[in-house]
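The file coords_36.csv contains CSV, C-alpha atoms:
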chain,number,residue,atom,x,y,z
A,6,MET,CA,-72.2,12.1,78.1
A,7,ILE,CA,-73.8,8.9,79.4
A,8,ASP,CA,-77.5,8.3,78.8
A,9,PRO,CA,-78.9,8.1,82.4
A,10,ASN,CA,-81.9,6.0,81.3
A,11,GLY,CA,-79.7,3.5,79.5
A,12,LEU,CA,-77.4,3.3,82.6
A,13,GLU,CA,-80.3,2.6,84.9
A,14,ALA,CA,-81.7,-0.1,82.5
A,15,MET,CA,-78.3,-1.8,82.4
A,16,ARG,CA,-78.0,-1.7,86.2
A,17,LYS,CA,-81.4,-3.3,86.6
A,18,THR,CA,-80.7,-6.0,83.9
A,19,LEU,CA,-77.4,-7.0,85.5
A,20,ALA,CA,-78.9,-6.8,89.1
A,21,ALA,CA,-81.5,-9.4,88.0
A,22,ASP,CA,-78.6,-11.8,87.3
A,23,GLY,CA,-76.7,-11.0,90.5
A,24,TYR,CA,-74.3,-8.3,89.3
A,25,ALA,CA,-73.6,-4.7,90.1
A,26,LEU,CA,-72.6,-2.1,87.5
A,27,ASP,CA,-70.3,0.8,88.3
A,28,VAL,CA,-69.6,3.5,85.6
A,29,SER,CA,-67.4,6.5,85.7
A,30,VAL,CA,-66.0,8.9,83.1
A,31,VAL,CA,-62.4,9.9,83.3
A,32,ASP,CA,-60.6,11.9,80.6
A,33,GLY,CA,-63.3,11.0,78.0
A,34,ARG,CA,-63.0,7.3,78.7
A,35,VAL,CA,-66.0,5.4,80.2
A,36,ASP,CA,-64.8,3.0,82.9
A,37,VAL,CA,-67.4,0.2,83.3
A,38,ARG,CA,-66.9,-2.3,86.1
A,39,ILE,CA,-69.1,-5.3,86.6
A,40,SER,CA,-68.9,-6.9,90.0
A,41,VAL,CA,-70.6,-9.8,91.7
A,42,ALA,CA,-73.4,-8.5,94.0
A,43,ASP,CA,-74.9,-11.9,94.8
A,44,PRO,CA,-72.9,-15.1,95.6
A,45,GLU,CA,-75.4,-17.0,93.5
A,46,ALA,CA,-74.9,-14.7,90.4
A,47,CYS,CA,-75.6,-16.3,87.0
A,48,GLU,CA,-72.1,-16.5,85.6
A,49,ASP,CA,-73.4,-17.8,82.2
A,50,CYS,CA,-75.6,-14.7,82.0
A,51,LEU,CA,-72.6,-12.3,81.4
A,52,ALA,CA,-72.2,-11.8,77.7
A,53,PRO,CA,-68.7,-12.1,76.2
A,54,GLU,CA,-66.8,-8.8,76.1
A,55,PRO,CA,-67.4,-7.9,72.4
A,56,ILE,CA,-71.1,-8.4,72.8
A,57,MET,CA,-71.3,-6.6,76.2
A,58,ARG,CA,-69.3,-3.7,74.7
A,59,GLY,CA,-72.0,-3.4,71.9
A,60,ILE,CA,-74.8,-3.6,74.5
A,61,LEU,CA,-73.2,-0.9,76.6
A,62,HIS,CA,-72.6,1.3,73.5
A,63,LYS,CA,-76.3,1.2,72.6
A,64,SER,CA,-77.5,1.6,76.2
A,65,LEU,CA,-75.1,4.3,77.4
A,66,LYS,CA,-74.9,6.0,74.0
A,67,VAL,CA,-71.1,6.2,74.0
A,68,PRO,CA,-68.7,4.9,71.4
A,69,GLU,CA,-67.6,1.3,71.9
A,70,GLN,CA,-63.9,2.3,71.6
A,71,ALA,CA,-64.3,4.7,74.6
A,72,ILE,CA,-65.4,1.9,76.9
A,73,ASP,CA,-63.0,0.3,79.3
A,74,LEU,CA,-64.7,-2.9,80.5
A,75,THR,CA,-63.8,-4.9,83.6
A,76,TYR,CA,-65.5,-8.2,84.5
A,77,PRO,CA,-65.5,-9.7,88.0
A,78,PRO,CA,-62.2,-11.4,89.0
A,79,GLY,CA,-62.4,-15.1,88.2
A,80,SER,CA,-65.3,-14.9,85.8
A,81,VAL,CA,-65.2,-16.8,82.5
A,82,HIS,CA,-64.7,-13.4,80.7
A,83,ASP,CA,-62.0,-12.1,83.1
Any chance you could give the structure as structure tokens?
Amino acid sequence: MIDPNGLEAMRKTLAADGYALDVSVVDGRVDVRISVADPEACEDCLAPEPIMRGILHKSLKVPEQAIDLTYPPGSVHD
């Protein structure tokens, strides 16, 4: 269901800015969790939710409406 190449590309992109990406599929929903992997993570590098949802849709090849997106606690997009 999820494009593995797109998932790996998203993980690498977010890791470059200090974030980790966890993705799971439950009952047809794609649970995407972004967490801080580096205390010096670039907070301004995280796109706003509507933009990130669109990026995930294109990268993972899943419908935007099937994505449940969670940002790190305390982030500007939380």
Which residue, A:Val67, A:Ile60, A:Cys47, A:Leu74, has the smallest gap to Asp27 (chain A) when you use all atoms listed in the file?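 Selected residue with least distance to Asp27 (chain A): A:Leu74.
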Could you tell me how far CA of Pro68 (chain A) lies from CA of Gly23 (chain A), in Å and to one decimal?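 Pair CA of Pro68 (chain A) / CA of Gly23 (chain A) returns 26.1 Å.
Neighbouring residues of region 31-41 of chain A at 6 Å or closer, counting all atoms listed in the file and skipping chain neighbours under 3 positions away, are Tyr24, Ala25, Leu26, Asp27, Val28, Ala71, Ile72, Asp73, Leu74, Thr75, Tyr76 and Pro77 of chain A.
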For Ala46 (chain A), the closest of A:Arg16, A:Ala21, A:Lys63, A:Gly11 counting all atoms listed in the file is A:Ala21
For Pro55 (chain A), which residue among A:Asp43, A:Met15, A:Asp22, A:Gln70 is the nearest when counting all atoms listed in the file?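 With all atoms listed in the file as the atom set, the closest residue is A:Gln70.
You will find CA of Ala52 (chain A) at 14.5 Å from CA of Ser64 (chain A).
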One decimal, Å: what's the distance from CA of Asp8 (chain A) over to CA of Glu48 (chain A), could you say?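 The value is 26.3 Å.
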Which residue out of A:Ala14, A:Cys50, A:Ile7, A:Ala42 has the minimum interatomic distance to Lys66 (chain A) when all atoms listed in the file are used?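 The closest residue to Lys66 (chain A) is A:Ile7.
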Restricting the calculation to only C-alpha atoms: of A:Met6, A:Leu65, A:Leu51, A:Ile56, which residue gets closest to Leu19 (chain A)?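 Nearest to Leu19 (chain A): A:Leu51.
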